[in-house]
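These notes are about the structure you will find just below.
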Amino acid sequence: MQGRETFAVSPKREVQEFIDSFGNRCGRVFAPAGRVEFRSDAIVEDSGRPDRQVPTAQQHEVQDLPEETLQFLLGSRYCEVDSELNDFAWNRFADAEPGWPRVQAICDFVHSHIKFDYQKARRTRTALEGFREGVGVCRDFMHLAITFCRCMNIPARYATGYLGDIGVPAAPSPMDFSAWFEVYLGGQWHVFDARHNKPRIGRVLMARGRDAADVALTTTFGPNHLESFKVWTDEVKAPAKGGLKRVEVKMRKTTFPGARRSAAQARAGSRRR
């Protein structure tokens with residue numbers, strides 16, 4: 001990070017920062033009734049290199065896994081490990097070489113099985129539903145891949161952040177946040193991306209969790225309406241080796257009076273990742 005991230009709320013409100021159980025930096029805001037705007041801006045230094053590839057990374061036996069990775073073997077809100085996906089995973093991927101090649105085989109399958117379609121996005125779609133429907137957005141690719149990895153006893157966690165069009169043709173659609181996932185192999189976490197299914201340059205991580213439920217951009221308590229949402233991720237040329245990226249998000253929401261279900265929940269406000 002080049003300097004401190006700028007985060008602003010309009011009308012001006014106090015932001016109480018905290019670290020959640022996954023190590024993500026979050027903010028808590030009590031928003032009054034009416035329109036409220038959140039805006040974040042930062043310049044981040046990037047190596048300019050694509051995602052690290054370690055084809056020899058080995059899969060651990062479950063009994064040898066660190067305790068902190070075990071929660072990423074379990075089912076979660078969007079990843080139904082105890083479903084028909086478990087039998088499918090073992091029938092489909094058991095013959096793949098354990099470790100990196102097995103995870104890549106999972107990514108290859110998910111990449112070809114799900115068709116990317118913004119118009120078919122649905123915030124309630126789970127891994128099983130994505131598998132059955134064969135359509136979704138980046139989070140649906142990751143939820144299915146994460147579930148298959150967990151079925152095969154490979155710890156896998158969800159990641160969200162910025163991913164600009166660096167080193168690839170610019171996408172014609174409006175920019176949005178991106179999702180990818182990480183697996184624990186060979187004693188460390190590695191990045192995989194079942195949607196793009198190739199190493200990319202310039203990922204800017206915002207948050208990690210079990211699935212998308214843990215890393216929501218905002219979590220609100222009470223009725224509200226999203227009026228607009230804009231994301232920028234632009235490359236900034238730097239004279240030194242590597243490069244800089246400017247990342248920014250602007251979001252407007254309208255909250256309504258009488259939305260608070262209890263005083264404690266009202267103070268919880270919105271979480272920022």
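Ligands are numbered from 1 in the order shown, chains are lettered A, B, ... in the order of the structure tokens, and residues start at 1 in each chain.
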DSSP strand (DSSP E) residues within stretch 29-200 of chain A, listed as number ranges by chain:
A: 29, 34-46, 115-116, 135-136, 156-163, 178-185, 188-192
Surrounding residues of A:Ala207 excluding itself and chain neighbours under 6 positions, 8 Å, only C-alpha atoms, as a compact mmCIF listing (two decimals) with all heavy atoms, in the first residue's frame:
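The result, stored in around16.txt:
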```txt
# COMPACT_ATOMS: atom_id res chain seq x y z
N ASN A 24 -9.35 -10.17 8.64
CA ASN A 24 -9.72 -9.09 7.72
C ASN A 24 -9.97 -7.79 8.47
O ASN A 24 -10.59 -7.81 9.53
CB ASN A 24 -10.99 -9.48 6.95
CG ASN A 24 -10.83 -10.78 6.19
OD1 ASN A 24 -9.83 -10.99 5.50
ND2 ASN A 24 -11.80 -11.65 6.31
N ARG A 25 -9.52 -6.68 7.91
CA ARG A 25 -9.79 -5.37 8.50
C ARG A 25 -11.19 -4.92 8.08
O ARG A 25 -11.51 -4.87 6.90
CB ARG A 25 -8.75 -4.35 8.03
CG ARG A 25 -8.91 -2.97 8.67
CD ARG A 25 -7.68 -2.11 8.40
NE ARG A 25 -7.55 -1.79 7.00
CZ ARG A 25 -8.02 -0.68 6.43
NH1 ARG A 25 -8.70 0.20 7.15
NH2 ARG A 25 -7.83 -0.45 5.15
N ALA A 159 -11.46 -16.03 -1.46
CA ALA A 159 -10.78 -14.73 -1.43
C ALA A 159 -11.50 -13.77 -2.36
O ALA A 159 -12.02 -14.17 -3.41
CB ALA A 159 -9.32 -14.88 -1.86
N THR A 160 -11.54 -12.51 -1.98
CA THR A 160 -12.16 -11.49 -2.82
C THR A 160 -11.28 -10.25 -2.85
O THR A 160 -10.54 -9.98 -1.90
CB THR A 160 -13.57 -11.14 -2.30
OG1 THR A 160 -14.21 -10.25 -3.22
CG2 THR A 160 -13.50 -10.43 -0.95
N GLY A 161 -11.35 -9.53 -3.95
CA GLY A 161 -10.54 -8.33 -4.07
C GLY A 161 -10.68 -7.70 -5.44
O GLY A 161 -11.66 -7.92 -6.16
N VAL A 215 -17.07 -12.61 3.55
CA VAL A 215 -16.31 -11.49 2.99
C VAL A 215 -17.19 -10.52 2.22
O VAL A 215 -16.76 -9.87 1.27
CB VAL A 215 -15.16 -12.00 2.08
CG1 VAL A 215 -14.19 -12.84 2.88
CG2 VAL A 215 -15.70 -12.81 0.90
N ARG A 273 -15.00 -4.53 3.53
CA ARG A 273 -13.82 -5.35 3.27
C ARG A 273 -13.09 -4.76 2.08
O ARG A 273 -13.68 -4.53 1.06
CB ARG A 273 -14.18 -6.79 2.95
CG ARG A 273 -14.97 -7.55 4.02
CD ARG A 273 -14.18 -7.77 5.26
NE ARG A 273 -14.58 -8.74 6.21
CZ ARG A 273 -15.76 -9.20 6.54
NH1 ARG A 273 -16.81 -8.83 5.93
NH2 ARG A 273 -15.89 -10.07 7.51
```
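Take atom CA of A:Thr124 and atom CA of A:Phe93: the distance between them is 26.8 Å.
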Hey, can you check how far atom CA of A:Val9 sits from atom CA of A:Gly34?
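We find that atom CA of A:Val9 and atom CA of A:Gly34 lie 13.0 Å from each other.
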Run DSSP on the backbone and give me the residues of stretch 74-117 of chain A it puts in alpha helix (DSSP H), as a short mmCIF file (atom, residue, chain, number, x, y, z; two decimals) with C-alpha atoms, in the first residue's frame.
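Below is the file selection20.cif, written as the result:
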```cif
data_model
loop_
_atom_site.label_atom_id
_atom_site.label_comp_id
_atom_site.auth_asym_id
_atom_site.auth_seq_id
_atom_site.Cartn_x
_atom_site.Cartn_y
_atom_site.Cartn_z
CA GLU A 84 -23.96 -35.23 -3.85
CA LEU A 85 -20.88 -33.18 -4.71
CA ASN A 86 -18.80 -35.39 -2.40
CA ASP A 87 -19.44 -38.57 -4.37
CA PHE A 88 -19.05 -36.72 -7.66
CA ALA A 89 -15.69 -35.31 -6.56
CA TRP A 90 -14.27 -38.69 -5.61
CA ASN A 91 -15.53 -40.31 -8.80
CA ARG A 92 -14.18 -37.51 -10.96
CA PHE A 93 -10.90 -36.46 -9.31
CA TRP A 100 -1.33 -29.27 -7.38
CA PRO A 101 -2.38 -31.45 -10.37
CA ARG A 102 -5.58 -32.49 -8.56
CA VAL A 103 -6.54 -28.88 -7.78
CA GLN A 104 -5.80 -27.93 -11.39
CA ALA A 105 -8.02 -30.78 -12.58
CA ILE A 106 -10.80 -29.37 -10.38
CA CYS A 107 -10.29 -25.89 -11.85
CA ASP A 108 -10.33 -27.28 -15.40
CA PHE A 109 -13.64 -29.01 -14.76
CA VAL A 110 -15.32 -26.03 -13.08
CA HIS A 111 -14.03 -23.65 -15.74
CA SER A 112 -15.68 -25.70 -18.48
CA HIS A 113 -18.79 -26.71 -16.52
#
```
Of the candidates A:Gly130, A:Pro169, A:Gly23, A:Pro50, which one gets nearest to A:Glu80 if we count only C-alpha atoms?
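With only C-alpha atoms as the atom set, the closest residue is A:Gly130.
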